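Novice: One file: upload.cif (mmCIF, C-alpha atoms).
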data_my_file
loop_
_atom_site.label_atom_id
_atom_site.label_comp_id
_atom_site.auth_asym_id
_atom_site.auth_seq_id
_atom_site.Cartn_x
_atom_site.Cartn_y
_atom_site.Cartn_z
CA MET X 87 -50.80 132.08 -78.74
CA SER X 88 -52.51 130.72 -75.62
CA THR X 89 -56.12 129.49 -75.55
CA THR X 90 -58.83 130.31 -73.00
CA GLY X 91 -61.65 128.10 -71.76
CA LYS X 92 -63.48 126.71 -68.74
CA GLN X 93 -61.99 124.18 -66.33
CA LEU X 94 -63.15 122.51 -63.12
CA PHE X 95 -61.06 122.69 -59.93
CA THR X 96 -61.49 121.12 -56.50
CA THR X 97 -60.00 122.58 -53.31
CA LEU X 98 -60.11 121.19 -49.78
CA GLU X 99 -59.15 123.56 -46.96
CA SER X 100 -57.91 122.59 -43.51
CA ASN X 101 -61.23 123.80 -42.04
CA SER X 102 -63.00 120.92 -43.89
CA ARG X 103 -64.42 123.21 -46.60
CA LEU X 104 -64.48 121.52 -50.02
CA THR X 105 -65.02 123.87 -52.97
CA VAL X 106 -65.60 122.49 -56.47
CA ALA X 107 -65.96 125.22 -59.07
CA ILE X 108 -65.55 126.07 -62.74
CA GLU X 109 -63.10 128.82 -63.62
CA ASP X 110 -61.94 130.58 -66.76
CA VAL X 111 -58.41 129.42 -67.54
CA ARG X 112 -55.70 130.33 -70.01
CA PHE X 113 -54.13 127.19 -71.46
CA PRO X 114 -50.49 127.29 -72.57
CA ASP X 115 -49.32 126.42 -76.06
CA PRO X 116 -48.16 122.80 -76.38
CA THR X 117 -44.43 122.20 -76.70
CA GLY X 118 -42.32 119.22 -77.75
CA ASN X 119 -44.55 116.17 -78.04
CA GLN X 120 -47.47 117.78 -76.25
CA VAL X 121 -50.83 118.35 -77.92
CA LEU X 122 -53.69 120.70 -77.09
CA VAL X 123 -56.96 118.77 -77.09
CA LYS X 124 -60.37 120.39 -77.34
CA MET X 125 -62.15 118.11 -74.87
CA GLU X 126 -65.57 116.93 -76.00
CA ALA X 127 -66.43 114.04 -73.67
CA ALA X 128 -65.13 112.83 -70.29
CA PRO X 129 -66.63 110.09 -68.07
CA ILE X 130 -67.05 110.34 -64.31
CA ASN X 131 -65.32 107.20 -63.05
CA PRO X 132 -65.18 106.04 -59.42
CA SER X 133 -61.47 106.92 -59.45
CA ASP X 134 -62.39 110.56 -60.17
CA LEU X 135 -64.61 110.87 -57.12
CA ALA X 136 -61.76 110.70 -54.60
CA ILE X 137 -60.91 114.37 -55.18
CA LEU X 138 -64.16 115.44 -56.83
CA THR X 139 -66.46 114.57 -53.93
CA GLY X 140 -64.71 112.25 -51.48
CA ALA X 141 -66.88 111.67 -48.41
CA ALA X 142 -68.21 115.25 -48.43
CA ASP X 143 -71.71 116.03 -47.12
CA LEU X 144 -73.35 116.69 -50.48
CA GLU X 145 -76.92 116.75 -49.18
CA ASN X 146 -76.24 119.88 -47.12
CA ALA X 147 -73.77 121.55 -49.48
CA GLU X 148 -74.23 125.10 -50.83
CA TYR X 149 -74.98 124.98 -54.56
CA SER X 150 -74.72 127.87 -57.00
CA PRO X 151 -74.23 127.99 -60.79
CA GLY X 152 -70.96 126.25 -61.66
CA LYS X 153 -69.99 125.68 -58.01
CA TYR X 154 -70.71 123.85 -54.80
CA VAL X 155 -69.22 124.11 -51.31
CA ALA X 156 -69.49 121.16 -48.90
CA GLN X 157 -68.07 120.06 -45.58
CA MET X 158 -65.69 117.11 -45.44
CA PRO X 159 -66.33 115.08 -42.27
CA GLU X 160 -63.69 113.57 -40.03
CA PRO X 161 -61.61 111.48 -40.22
CA PHE X 162 -61.65 112.04 -43.98
CA ASN X 163 -60.59 115.67 -43.78
CA THR X 164 -57.57 114.90 -41.60
CA GLY X 165 -56.80 111.92 -43.81
CA SER X 166 -56.60 114.30 -46.79
CA LYS X 167 -54.22 116.71 -45.06
CA ALA X 168 -51.70 116.49 -47.90
CA ARG X 169 -54.12 118.23 -50.29
CA HIS X 170 -55.24 121.01 -47.95
CA GLY X 171 -55.11 124.34 -49.76
CA LEU X 172 -54.26 122.82 -53.15
CA LYS X 173 -56.43 123.74 -56.12
CA LEU X 174 -56.57 120.51 -58.09
CA PRO X 175 -57.94 119.73 -61.56
CA ALA X 176 -60.09 116.63 -61.99
CA GLY X 177 -61.05 114.13 -64.66
CA ASN X 178 -58.64 111.30 -65.42
CA GLU X 179 -59.63 110.62 -69.00
CA GLY X 180 -61.65 111.81 -71.94
CA ALA X 181 -61.67 112.36 -75.67
CA GLY X 182 -61.60 115.28 -78.05
CA THR X 183 -59.91 116.79 -81.07
CA VAL X 184 -56.26 117.88 -81.30
CA VAL X 185 -56.29 121.58 -82.22
CA ALA X 186 -52.61 122.46 -81.70
CA THR X 187 -49.33 120.58 -81.25
CA GLY X 188 -45.77 121.07 -80.14
CA GLU X 189 -42.86 120.77 -82.53
CA GLY X 190 -42.33 117.03 -81.93
CA GLU X 191 -43.06 114.65 -84.79
CA MET X 192 -45.26 112.39 -82.64
CA ALA X 193 -47.38 115.39 -81.69
CA LYS X 194 -47.59 116.78 -85.22
CA ALA X 195 -48.90 113.45 -86.49
CA LEU X 196 -51.98 113.88 -84.30
CA MET X 197 -53.00 117.33 -85.54
CA GLY X 198 -56.72 117.45 -86.31
CA GLN X 199 -57.36 113.90 -85.11
CA ARG X 200 -59.90 112.70 -82.56
CA VAL X 201 -58.03 111.14 -79.66
CA ALA X 202 -58.65 109.55 -76.28
CA CYS X 203 -56.29 110.82 -73.61
CA VAL X 204 -55.53 110.74 -69.88
CA PRO X 205 -54.58 114.33 -68.99
CA GLY X 206 -55.81 114.33 -65.39
CA ASN X 207 -57.84 117.49 -66.02
CA ALA X 208 -60.42 116.18 -68.46
CA TYR X 209 -63.28 118.21 -66.93
CA SER X 210 -62.17 121.12 -69.01
CA GLN X 211 -62.79 122.62 -72.41
CA TYR X 212 -59.14 122.17 -73.32
CA CYS X 213 -56.23 120.20 -71.96
CA ILE X 214 -52.57 119.58 -72.62
CA ALA X 215 -51.71 115.92 -73.14
CA GLU X 216 -48.62 113.94 -74.04
CA ALA X 217 -48.83 112.52 -77.57
CA ALA X 218 -47.51 109.16 -76.35
CA MET X 219 -50.51 108.84 -74.03
CA CYS X 220 -53.07 109.71 -76.73
CA LEU X 221 -55.01 107.03 -78.58
CA PRO X 222 -56.03 108.08 -82.12
CA LEU X 223 -59.69 107.14 -82.53
CA GLY X 224 -59.88 106.95 -86.31
CA ASP X 225 -63.52 106.45 -87.27
CA TYR X 226 -64.68 106.11 -83.65
CA THR X 227 -66.61 109.01 -82.11
CA VAL X 228 -65.44 110.92 -79.04
CA GLU X 229 -68.19 109.20 -77.03
CA ASP X 230 -66.82 105.82 -78.15
CA GLY X 231 -63.37 106.84 -76.99
CA ALA X 232 -64.14 108.86 -73.86
CA SER X 233 -63.81 105.82 -71.58
CA GLY X 234 -61.19 104.18 -73.77
CA PHE X 235 -58.37 104.11 -71.27
CA VAL X 236 -59.03 103.72 -67.55
CA ASN X 237 -61.57 100.87 -67.44
CA PRO X 238 -60.37 98.97 -70.54
CA MET X 239 -56.69 99.13 -69.56
CA THR X 240 -57.53 98.29 -65.94
CA ALA X 241 -59.53 95.21 -66.91
CA LEU X 242 -56.80 94.13 -69.31
CA GLY X 243 -54.25 94.89 -66.59
CA PHE X 244 -55.95 92.45 -64.22
CA VAL X 245 -55.64 89.66 -66.78
CA GLU X 246 -52.04 90.58 -67.65
CA ASN X 247 -51.14 90.66 -63.96
CA ALA X 248 -52.75 87.26 -63.40
CA LYS X 249 -50.86 85.75 -66.32
CA LEU X 250 -47.57 87.19 -65.06
CA ASP X 251 -48.24 85.56 -61.68
CA GLY X 252 -49.02 82.20 -63.28
CA GLN X 253 -52.75 82.35 -62.53
CA ASN X 254 -55.45 80.99 -64.82
CA ALA X 255 -58.47 82.25 -62.89
CA ILE X 256 -59.57 85.55 -61.33
CA LEU X 257 -62.19 86.61 -58.80
CA HIS X 258 -63.83 90.04 -59.06
CA THR X 259 -66.04 91.44 -56.29
CA VAL X 260 -68.08 93.91 -58.41
CA GLY X 261 -68.77 91.82 -61.46
CA ALA X 262 -71.64 93.81 -62.97
CA SER X 263 -69.81 97.15 -63.12
CA ASN X 264 -68.79 98.64 -66.45
CA LEU X 265 -65.27 97.39 -65.82
CA GLY X 266 -66.58 94.03 -64.63
CA GLN X 267 -68.48 93.48 -67.85
CA MET X 268 -65.31 94.21 -69.81
CA LEU X 269 -63.42 91.73 -67.63
CA THR X 270 -66.02 89.06 -68.36
CA ARG X 271 -65.58 89.55 -72.11
CA ILE X 272 -61.78 89.53 -71.85
CA CYS X 273 -61.69 86.36 -69.74
CA ASN X 274 -64.01 84.64 -72.21
CA GLU X 275 -61.72 85.63 -75.08
CA ASP X 276 -58.53 84.60 -73.27
CA GLY X 277 -59.75 81.40 -71.66
CA ILE X 278 -59.28 82.72 -68.12
CA GLY X 279 -61.59 81.44 -65.39
CA LEU X 280 -63.61 84.17 -63.68
CA VAL X 281 -65.72 84.29 -60.53
CA ASN X 282 -68.03 87.31 -60.48
CA ILE X 283 -69.68 88.54 -57.29
CA VAL X 284 -72.78 90.71 -57.77
CA ARG X 285 -75.52 92.10 -55.52
CA LYS X 286 -78.73 91.55 -57.50
CA GLU X 287 -80.35 88.74 -59.44
CA GLU X 288 -80.71 90.90 -62.55
CA GLN X 289 -76.93 91.39 -62.48
CA VAL X 290 -76.51 87.62 -62.50
CA GLU X 291 -78.63 87.47 -65.63
CA LEU X 292 -76.72 90.37 -67.21
CA LEU X 293 -73.37 88.63 -66.86
CA GLN X 294 -74.69 85.26 -67.91
CA LYS X 295 -75.88 86.84 -71.16
CA LEU X 296 -72.28 88.00 -71.67
CA GLY X 297 -71.09 84.42 -71.28
CA ALA X 298 -70.13 84.39 -67.60
CA THR X 299 -70.26 80.89 -66.10
CA HIS X 300 -69.64 81.63 -62.41
CA VAL X 301 -71.75 84.49 -61.03
CA VAL X 302 -72.72 84.54 -57.35
CA ASN X 303 -75.22 86.91 -55.78
CA SER X 304 -74.09 88.20 -52.38
CA SER X 305 -77.70 88.98 -51.37
CA ALA X 306 -79.01 85.50 -52.13
CA ASP X 307 -79.50 82.62 -49.74
CA GLY X 308 -76.58 80.22 -49.91
CA PHE X 309 -74.18 82.91 -51.15
CA ARG X 310 -71.16 81.61 -49.24
CA GLU X 311 -71.72 78.04 -50.35
CA GLN X 312 -72.08 79.19 -53.97
CA LEU X 313 -68.94 81.30 -53.65
CA ARG X 314 -66.94 78.34 -52.37
CA SER X 315 -68.26 76.17 -55.19
CA ALA X 316 -67.29 78.78 -57.83
CA ILE X 317 -63.77 79.12 -56.39
CA ASP X 318 -63.42 75.33 -56.29
CA ASP X 319 -64.57 74.98 -59.91
CA THR X 320 -62.27 77.67 -61.28
CA GLY X 321 -59.28 77.64 -58.94
CA ALA X 322 -59.67 81.39 -58.43
CA PHE X 323 -57.43 82.15 -55.46
CA TYR X 324 -56.49 85.51 -56.94
CA GLY X 325 -58.85 88.48 -57.06
CA PHE X 326 -59.51 92.17 -57.42
CA ASP X 327 -61.74 94.33 -55.21
CA PRO X 328 -62.80 97.98 -55.79
CA ILE X 329 -64.87 98.16 -52.60
CA GLY X 330 -61.95 98.44 -50.19
CA GLY X 331 -63.83 99.04 -46.95
CA GLY X 332 -65.86 96.61 -44.92
CA GLN X 333 -65.62 92.84 -45.17
CA SER X 334 -65.66 92.10 -48.90
CA VAL X 335 -62.03 90.95 -49.00
CA ASP X 336 -62.43 89.10 -45.70
CA THR X 337 -65.41 87.17 -47.06
CA VAL X 338 -63.46 86.15 -50.16
CA PHE X 339 -60.37 85.08 -48.19
CA LYS X 340 -62.54 82.93 -45.91
CA ALA X 341 -64.14 81.20 -48.88
CA MET X 342 -60.78 80.62 -50.57
CA GLU X 343 -59.33 79.10 -47.40
CA GLN X 344 -62.34 76.87 -46.83
CA VAL X 345 -61.97 75.50 -50.35
CA ALA X 346 -58.24 74.94 -49.82
CA VAL X 347 -58.71 73.26 -46.42
CA GLY X 348 -61.28 70.95 -47.97
CA LYS X 349 -58.54 69.57 -50.21
CA MET X 350 -56.07 68.91 -47.37
CA SER X 351 -55.36 65.34 -46.33
CA GLU X 352 -54.01 66.31 -42.90
CA PHE X 353 -54.95 68.94 -40.33
CA SER X 354 -52.63 71.92 -39.80
CA ARG X 355 -53.01 74.48 -37.07
CA TYR X 356 -51.60 77.06 -39.50
CA GLY X 357 -54.24 76.52 -42.13
CA SER X 358 -53.66 75.61 -45.75
CA ASN X 359 -50.54 76.26 -47.81
CA GLN X 360 -52.68 77.61 -50.62
CA GLN X 361 -51.56 81.12 -51.51
CA LYS X 362 -54.51 83.49 -51.64
CA ARG X 363 -54.06 86.99 -53.04
CA MET X 364 -56.40 89.96 -53.28
CA PHE X 365 -55.79 93.42 -54.72
CA ILE X 366 -57.78 96.49 -53.62
CA TYR X 367 -58.03 98.89 -56.55
CA GLY X 368 -60.65 101.35 -55.30
CA ARG X 369 -62.58 102.70 -52.33
CA LEU X 370 -66.27 102.42 -53.10
CA ASP X 371 -66.62 101.90 -49.34
CA VAL X 372 -64.50 104.44 -47.46
CA SER X 373 -64.81 102.63 -44.12
CA PRO X 374 -61.86 100.61 -42.72
CA THR X 375 -60.94 97.32 -44.36
CA ILE X 376 -61.87 94.53 -41.92
CA LEU X 377 -59.84 91.32 -41.86
CA SER X 378 -60.19 88.40 -39.46
CA PRO X 379 -57.66 85.70 -38.45
CA SER X 380 -59.52 82.88 -40.11
CA TYR X 381 -57.64 81.95 -43.28
CA GLY X 382 -54.25 80.75 -42.17
CA PHE X 383 -51.07 82.55 -43.13
CA GLY X 384 -50.93 81.97 -46.86
CA TRP X 385 -52.56 85.20 -47.96
CA THR X 386 -51.53 88.58 -49.33
CA LEU X 387 -53.55 91.79 -49.59
CA SER X 388 -52.13 94.71 -51.52
CA GLY X 389 -53.19 97.72 -53.58
CA TRP X 390 -53.35 97.89 -57.37
CA LEU X 391 -53.25 101.01 -59.52
CA LEU X 392 -53.23 101.18 -63.30
CA PHE X 393 -50.37 103.57 -64.00
CA PRO X 394 -47.78 101.93 -61.72
CA PHE X 395 -48.71 98.61 -63.34
CA LEU X 396 -48.23 100.00 -66.85
CA GLN X 397 -44.85 101.43 -65.84
CA SER X 398 -43.83 98.03 -64.51
CA VAL X 399 -44.68 96.10 -67.69
CA GLY X 400 -43.11 98.56 -70.14
CA MET X 401 -44.02 100.17 -73.44
CA GLU X 402 -44.23 96.98 -75.51
CA THR X 403 -46.91 95.42 -73.31
CA MET X 404 -48.72 98.73 -72.93
CA GLY X 405 -48.71 99.19 -76.71
CA ARG X 406 -50.17 95.73 -77.21
CA MET X 407 -52.90 96.46 -74.67
CA ARG X 408 -53.73 99.82 -76.26
CA LYS X 409 -54.03 98.20 -79.70
CA ARG X 410 -56.40 95.58 -78.35
CA VAL X 411 -58.57 98.31 -76.82
CA LEU X 412 -58.67 100.30 -80.05
CA ASP X 413 -59.50 97.22 -82.13
CA ASN X 414 -62.44 96.38 -79.84
CA LEU X 415 -63.57 99.77 -78.57
CA THR X 416 -67.27 99.34 -79.33
CA THR X 417 -67.46 95.62 -78.50
CA THR X 418 -65.29 94.16 -75.73
CA PHE X 419 -64.55 97.59 -74.27
CA ALA X 420 -67.81 99.41 -74.93
CA SER X 421 -69.11 101.85 -72.30
CA HIS X 422 -72.66 103.08 -71.82
CA TYR X 423 -73.91 106.24 -70.11
CA LYS X 424 -76.99 107.10 -68.09
CA LYS X 425 -76.74 110.84 -68.63
CA ARG X 426 -74.75 113.50 -70.45
CA VAL X 427 -74.12 116.78 -68.63
CA SER X 428 -72.25 120.02 -69.17
CA LEU X 429 -69.53 121.24 -66.81
CA GLU X 430 -72.10 123.41 -65.05
CA GLU X 431 -74.72 120.66 -64.88
CA MET X 432 -72.29 118.21 -63.29
CA LEU X 433 -72.08 120.50 -60.25
CA THR X 434 -75.82 120.65 -59.55
CA LYS X 435 -77.14 118.88 -56.46
CA ASP X 436 -79.19 116.37 -58.45
CA ALA X 437 -76.20 115.36 -60.56
CA VAL X 438 -73.56 115.28 -57.82
CA THR X 439 -75.62 113.20 -55.39
CA ASP X 440 -76.60 110.84 -58.21
CA TYR X 441 -73.17 110.04 -59.70
CA ARG X 442 -71.52 109.93 -56.27
CA ALA X 443 -73.80 106.96 -55.48
CA MET X 444 -71.83 104.98 -58.10
CA LYS X 445 -74.73 102.73 -59.07
CA THR X 446 -74.05 99.98 -61.57
CA GLY X 447 -74.92 100.99 -65.13
CA GLU X 448 -75.48 104.67 -64.28
CA LYS X 449 -72.28 106.34 -65.43
CA TYR X 450 -72.29 110.05 -66.29
CA LEU X 451 -70.54 111.59 -69.30
CA VAL X 452 -69.39 115.21 -69.11
CA MET X 453 -69.64 117.23 -72.32
CA PRO X 454 -67.56 120.40 -71.73
CA TRP X 455 -69.06 122.26 -74.70
CA LYS X 456 -72.69 121.18 -74.09
#
The structure given in the file should be rewritten as C-alpha cells.
Specialist:
Amino acid sequence: MSTTGKQLFTTLESNSRLTVAIEDVRFPDPTGNQVLVKMEAAPINPSDLAILTGAADLENAEYSPGKYVAQMPEPFNTGSKARHGLKLPAGNEGAGTVVATGEGEMAKALMGQRVACVPGNAYSQYCIAEAAMCLPLGDYTVEDGASGFVNPMTALGFVENAKLDGQNAILHTVGASNLGQMLTRICNEDGIGLVNIVRKEEQVELLQKLGATHVVNSSADGFREQLRSAIDDTGAFYGFDPIGGGQSVDTVFKAMEQVAVGKMSEFSRYGSNQQKRMFIYGRLDVSPTILSPSYGFGWTLSGWLLFPFLQSVGMETMGRMRKRVLDNLTTTFASHYKKRVSLEEMLTKDAVTDYRAMKTGEKYLVMPWK
C-alpha cells in the first residue's frame, strides 16, 4: 500500500524560470533491498544548492507559501540546458526512521531503525533508499546522523585519495567550513600534514583550537608568504578546493611552484619538476576558473566527486570509511546547525537568501515534519 507525503521539487524552464515548490506525492512501496524512510532531518549542503538555487535571482523572486519562482541569469541558464523542463527532487542526504521494507534480508534488518541515507530526494517526508546505502544510527539521534554521509565521507575521501597517491600532506582552501573542521580532526588522527586557508582571524583561532598547526588567513598582510611557508613546512603539493571560480587554485599553484623553485639548484625555463595537483570539488564561486602560466608544466587540475571516488575504491574501503564515521559521529564528524526549518520555511525569502550565502558555521537543517 503506497504512502503519501510532501516533497520538494525544482524545475528550470528554457525561458530561465526556476520554480521550487512543495507537492503532495504518492511514494511507492519498497521492493527488494529498498527501504521506505520517514525523513526527519536533512541538511542543506553546498552540493544541494546547484539545483536548489543555482545562480538564480533570489532577491527579486516571487515567494508564496511552499513555493518560489526566480529567474536564472545567463550564461547559467544556457549552461543548465540539460535540465530544462525536468522536475527534479533535491536533498542529497538526511536521516529518519525505516517504516517499511522490501523483501530483501538486508532491507528487513533495518525495519524500525533510525538510519542516515543518501536518497537524493531528502527534502521530503518520505523517501525510498537502498539498504546498502543506509547507515544504522543505533543510539544516535536523527540530527546526529543527518549530515553523516556527504561531508564525513568527503573529508575521509580526501585523505584516502592522498594516501593512494603517496601523499602525506594536503592543502584545503576553505579550512573553517564544516567539512574543513572534520578534515583537520582526521589529519590530526592520521598524522597527515594539512595546510588550511581561511578568510578571517577568528577562523584561524577556531582551527588552532582543533589542533591545526598550519592555518593561513587570505585576508591578512603577508598571506602569500605565510602560504609558501606552510607549504614548505608540510610538503603539501596536493590540495582540494570547493570554491572553483576565480583565482583560488591559481594562487595555490603559484605558491607551490615558488616553494619548489626555491629548492632547485639550477634554473629551468620550464619551471620545477615538482608535481602539483589540485582537485575542484565544488562551485562556491560560479565564475570562471582563472589560471595563469606561472607555475611551470608540472601541475594537474581536475574535478573530484564523492560517489565516483567511492565506486573506484570499492565496497571494502567504503565499509571501513562508513564504520569510522559511525564510531565518531558526534566527535570527529560532528555537524552543527544555525537554524532548523520546515519544508515550507526553507522556501521563504529570508531562509533561501540566507542559506544560499553559504557562510561558514551557518548550516540549515530541514525538518520535514516540523
Novice: Specify as number ranges by chain each residue included when the PyMOL selection byres ((chain X and resi 298) around 9) is applied to this file.
Specialist: X: 270-271, 273-274, 280-282, 290, 292-297, 299-301
Novice: In Å, with one decimal, what is the gap from CA of Val335 in chain X to CA of Lys424 in chain X?
Specialist: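 Taking CA of Val335 in chain X as the start and CA of Lys424 in chain X as the end point, the length is 29.1 Å.
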Novice: Closest to Phe323 in chain X among X:Ile376, X:Ala248, X:Met239, X:Leu257, using only C-alpha atoms?
Specialist: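 Checking each of X:Ile376, X:Ala248, X:Met239, X:Leu257 against Phe323 in chain X, counting only C-alpha atoms, the winner is X:Leu257.
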Novice: Tell me which residues come within 12 Å of (-73.9, 116.8, -62.1), as a PyMOL selection string, counting all atoms listed in the file in the file's coordinates.
Specialist: chain X and resi 106-107+129-130+138-139+144+149+151-154+209+424-443+449-453
Novice: Extract, using only C-alpha atoms, all DNA, RNA and protein residues at most 8 Å from range 406-420 of chain X, discarding same-chain residues fewer than 5 positions from it, and format them as a PyMOL selection string.
Specialist: chain X and resi 221+223+230-231+234+238-239+242+268+271-272
Novice: For the structure provided, state which residues fall under the PyMOL selection byres ((chain X and resi 217-219) around 8), and present them as a list in words.
Specialist: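 When the PyMOL selection byres ((chain X and resi 217-219) around 8) is applied to the shown file, the picked residues are Asn119, Gln120, Val121, Met192, Ala193, Leu196, Cys203, Val204, Ala215, Glu216, Cys220 and Leu221 of chain X.
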Novice: Between CA of Gly182 in chain X and CA of Ala208 in chain X, what is the spacing in Å?
Specialist: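 Rounded to one decimal, the two atoms are 9.7 Å apart.
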Novice: One decimal, in Å: what's the spacing between CA of Ala241 in chain X and CA of Leu269 in chain X?
Specialist: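 According to the coordinates, CA of Ala241 in chain X and CA of Leu269 in chain X are separated by 5.3 Å.
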Novice: Which residues, written as a VMD selection string, have at least one atom at most 8 Å from range 135-137 of chain X, with all atoms listed in the file counted and residues fewer than 3 positions away on the same chain left out?
Specialist: chain X and resid 96 130 to 132 140 176 442
Novice: Evaluate the PyMOL selection byres ((chain X and resi 254) around 6) and record the selected residues as a PDB file with C-alpha atoms, in the coordinates of the input, following the chain and residue labels used in the document.
Specialist:
ATOM      1  CA  GLN X 253     -52.750  82.350 -62.530  1.00  0.00           C
ATOM      2  CA  ALA X 255     -58.470  82.250 -62.890  1.00  0.00           C
ATOM      3  CA  ILE X 278     -59.280  82.720 -68.120  1.00  0.00           C
TER       4      ILE X 278
END
Novice: With distances taken over all atoms listed in the file, which residue among X:Val201, X:Leu174, X:Ala232, X:Val111 lies nearest His422 in chain X?
Specialist: X:Ala232
Novice: When you count all atoms listed in the file, which of these residues is closest to Gly330 in chain X: X:Arg112, X:Arg369, X:Arg103, X:Arg169?
Specialist: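 Of X:Arg112, X:Arg369, X:Arg103, X:Arg169, the one nearest Gly330 in chain X is X:Arg369, counting all atoms listed in the file.
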Novice: Please provide the set of residues having any atom within 10 Å of Lys349 in chain X, restricted to all atoms listed in the file, with same-chain residues fewer than 4 positions apart removed, written as a PyMOL selection string.
Specialist: chain X and resi 318+343-345+358+360
Novice: Find, counting only C-alpha atoms, the residue in X:Phe383, X:Phe113, X:Trp390, X:Tyr324 that gets nearest to Ser88 in chain X.
Specialist: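 Of X:Phe383, X:Phe113, X:Trp390, X:Tyr324, the one nearest Ser88 in chain X is X:Phe113, counting only C-alpha atoms.
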Novice: Could you tell me which of X:Ala141, X:Leu391, X:Val372, X:Met342 comes closest to Asn359 in chain X if we count all atoms listed in the file?
Specialist: X:Met342
Novice: Show me, as a PyMOL selection string, the residues that have an atom within 10 Å of Ala341 in chain X when counting all atoms listed in the file, minus same-chain residues fewer than 6 positions from it.
Specialist: chain X and resi 310-318+323+335+347+381
Novice: Using all atoms listed in the file, can you list as a PDB file with C-alpha atoms, in the frame of the given file the residues within 6 Å of (-48.4, 121.0, -75.8)?
Specialist:
ATOM      1  CA  ASP X 115     -49.320 126.420 -76.060  1.00  0.00           C
ATOM      2  CA  PRO X 116     -48.160 122.800 -76.380  1.00  0.00           C
ATOM      3  CA  THR X 117     -44.430 122.200 -76.700  1.00  0.00           C
ATOM      4  CA  GLN X 120     -47.470 117.780 -76.250  1.00  0.00           C
ATOM      5  CA  VAL X 121     -50.830 118.350 -77.920  1.00  0.00           C
ATOM      6  CA  LEU X 122     -53.690 120.700 -77.090  1.00  0.00           C
ATOM      7  CA  THR X 187     -49.330 120.580 -81.250  1.00  0.00           C
ATOM      8  CA  GLY X 188     -45.770 121.070 -80.140  1.00  0.00           C
ATOM      9  CA  ILE X 214     -52.570 119.580 -72.620  1.00  0.00           C
TER      10      ILE X 214
END
Novice: Using all atoms listed in the file, determine which residues lie at most 12 Å from Thr375 in chain X, disregarding the query and same-chain residues fewer than 2 positions distant; provide the list as a PyMOL selection string.
Specialist: chain X and resi 327-337+366+368-373+377-378+387-388
Novice: Taking into account all atoms listed in the file, which residue in the set X:Phe365, X:Phe95, X:Phe235, X:Trp455 is nearest to Leu396 in chain X?
Specialist: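 The answer is X:Phe235, which sits nearest to Leu396 in chain X.
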